[in-house]
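The next block holds one structure in the form of structure tokens; read it before the comments.
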Amino acid sequence: MYKYLFIDFHTHSDRKSPDLINLQTLHVTPELQAEELPNICSLGLHPWFIQLETWESAWSNLVDLAKLSQVVAIGECGLDRNIDLPLETQISIFQKHIKLAESLQKPLVIHCVRAFSELIALKKDTKSTVPWIIHGFNKKEEVFQQLLKHDFYFSFGAAILSDRSPILQAIATIPNGKFLLETDDRTDISINQIYDRAAALRHVSREALQTQLIETYYQLTGLS
């Protein structure tokens, strides 16, 4: 039954399984072709890989590819203070992602490092109507509560497997409909492990969690 599927909402691995919805994320280059895309995917310009010499042609390609039906989300994209690319440039490119997501009514998958105040300000200023989903979230409770207050969504990954993770309380208490689960770039763990841990933290069965997250996935992506 569809409600017992696993959803890996953000991954860089091309895993295939009859009980898995594997939402693969690709960084768009000028050369990326539609024929190279998986059956479902998320596309964006990751701030780590933006090249000042080529990003505009990569962006033009993204605008074309993002219209395809197999592209169900925009990103990952976002802001990162730990890289050399000027934050002003990152913000300018991220704003383009926001407008693209709005025009296509597809959710944004966001990478954010040490720039949450800027992220919240952009969300307020743009009055964006599509879901903003912060992937791989692993910050303190205060940051989590602030983001939740501003209607962000979250995708939690391997960090929840650690007993020292600051987000264990968040996993236990976050409202249904506000989160999904992911493996990101980890090839040594399965989405099943993430589900089992999240179910235990929320004191629900894995089947109940699967049913809830498939509903959240369809709600956020507008699919059915």
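To be explicit about the labels: the chains of the structure tokens are called A, B, and onward in the order shown, and within each one the residues are counted from 1, while ligands get numbers from 1 in the order they are shown.
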Contacts of Arg15 in chain A within 12 Å, only C-alpha atoms, excl. fewer than 3 positions in-chain, as a PyMOL selection string: chain A and resi 6-8+10-12+18-24+38-40+183-187+189-191
Give me the residues within 6 Å of range 98-110 of chain A as a PDB file with N, CA and C atoms, in the first residue's frame, counting only C-alpha atoms and dropping any in the same chain fewer than 6 places off.
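In the end it all went to part-v3.pdb:
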```
ATOM      1  N   ALA A  73      10.682  19.880  -6.808  1.00  0.00           N
ATOM      2  CA  ALA A  73      11.111  20.905  -5.864  1.00  0.00           C
ATOM      3  C   ALA A  73      12.275  21.685  -6.460  1.00  0.00           C
ATOM      4  N   ILE A  74      12.490  22.890  -5.941  1.00  0.00           N
ATOM      5  CA  ILE A  74      13.590  23.756  -6.367  1.00  0.00           C
ATOM      6  C   ILE A  74      14.642  23.780  -5.265  1.00  0.00           C
ATOM      7  N   GLY A  75      15.878  23.434  -5.603  1.00  0.00           N
ATOM      8  CA  GLY A  75      16.961  23.399  -4.635  1.00  0.00           C
ATOM      9  C   GLY A  75      17.711  22.083  -4.702  1.00  0.00           C
ATOM     10  N   GLU A  76      18.798  21.877  -3.966  1.00  0.00           N
ATOM     11  CA  GLU A  76      18.936  22.743  -2.837  1.00  0.00           C
ATOM     12  C   GLU A  76      19.621  24.033  -3.236  1.00  0.00           C
ATOM     13  N   CYS A  77      19.258  25.061  -2.519  1.00  0.00           N
ATOM     14  CA  CYS A  77      19.801  26.388  -2.742  1.00  0.00           C
ATOM     15  C   CYS A  77      19.848  27.055  -1.378  1.00  0.00           C
ATOM     16  N   GLY A  78      20.504  28.213  -1.311  1.00  0.00           N
ATOM     17  CA  GLY A  78      20.498  28.865  -0.017  1.00  0.00           C
ATOM     18  C   GLY A  78      21.699  29.701   0.291  1.00  0.00           C
ATOM     19  N   VAL A 130       5.138  29.448  -1.225  1.00  0.00           N
ATOM     20  CA  VAL A 130       5.471  28.027  -1.331  1.00  0.00           C
ATOM     21  C   VAL A 130       6.182  27.576  -0.060  1.00  0.00           C
ATOM     22  N   PRO A 131       6.157  26.270   0.242  1.00  0.00           N
ATOM     23  CA  PRO A 131       6.872  25.779   1.429  1.00  0.00           C
ATOM     24  C   PRO A 131       8.380  25.982   1.307  1.00  0.00           C
ATOM     25  N   TRP A 132       8.998  26.440   2.395  1.00  0.00           N
ATOM     26  CA  TRP A 132      10.457  26.537   2.506  1.00  0.00           C
ATOM     27  C   TRP A 132      10.910  25.427   3.452  1.00  0.00           C
ATOM     28  N   ILE A 133      11.684  24.494   2.931  1.00  0.00           N
ATOM     29  CA  ILE A 133      12.060  23.299   3.690  1.00  0.00           C
ATOM     30  C   ILE A 133      13.568  23.319   3.930  1.00  0.00           C
ATOM     31  N   ILE A 134      13.968  23.402   5.183  1.00  0.00           N
ATOM     32  CA  ILE A 134      15.384  23.401   5.518  1.00  0.00           C
ATOM     33  C   ILE A 134      15.845  21.958   5.649  1.00  0.00           C
ATOM     34  N   HIS A 135      16.756  21.566   4.782  1.00  0.00           N
ATOM     35  CA  HIS A 135      17.186  20.167   4.799  1.00  0.00           C
ATOM     36  C   HIS A 135      18.353  19.975   5.765  1.00  0.00           C
TER      37      HIS A 135
END
```
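In this comparison, which uses only C-alpha atoms, the residue of A:Arg114, A:Lys67, A:Lys123, A:His27 approaching Val143 in chain A most closely is A:Arg114.
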Helix (DSSP H, G or I) per DSSP on the backbone: members of range 46-99 of chain A, as a list in words: Pro47, Trp48, Phe49, Trp55, Glu56, Ser57, Ala58, Trp59, Ser60, Asn61, Leu62, Val63, Asp64, Leu65, Leu87, Glu88, Thr89, Gln90, Ile91, Ser92, Ile93, Phe94, Gln95, Lys96, His97, Ile98 and Lys99 of chain A
Which of range 94-172 of chain A DSSP labels strand (DSSP E or B), written as a VMD selection string: chain A and resid 108 to 113 132 to 135 153 to 156
Point-to-point distance from CA of His150 in chain A to CA of Lys124 in chain A, Å rounded to tenths: 8.2 Å
Kindly provide the residues of range 94-159 of chain A that approach range 194-214 of chain A to within 10 Å, each paired with its closest atom pair and their distance in Å to one decimal, based on only C-alpha atoms, listed by chain and increasing number, as a Markdown table.
```
| residue | atom | partner | partner_atom | distance |
| --- | --- | --- | --- | --- |
| A:Phe156 | CA | A:Ile194 | CA | 8.5 |
| A:Gly157 | CA | A:Ile194 | CA | 6.7 |
| A:Ala158 | CA | A:Ile194 | CA | 6.6 |
| A:Ala159 | CA | A:Ile194 | CA | 9.1 |
```
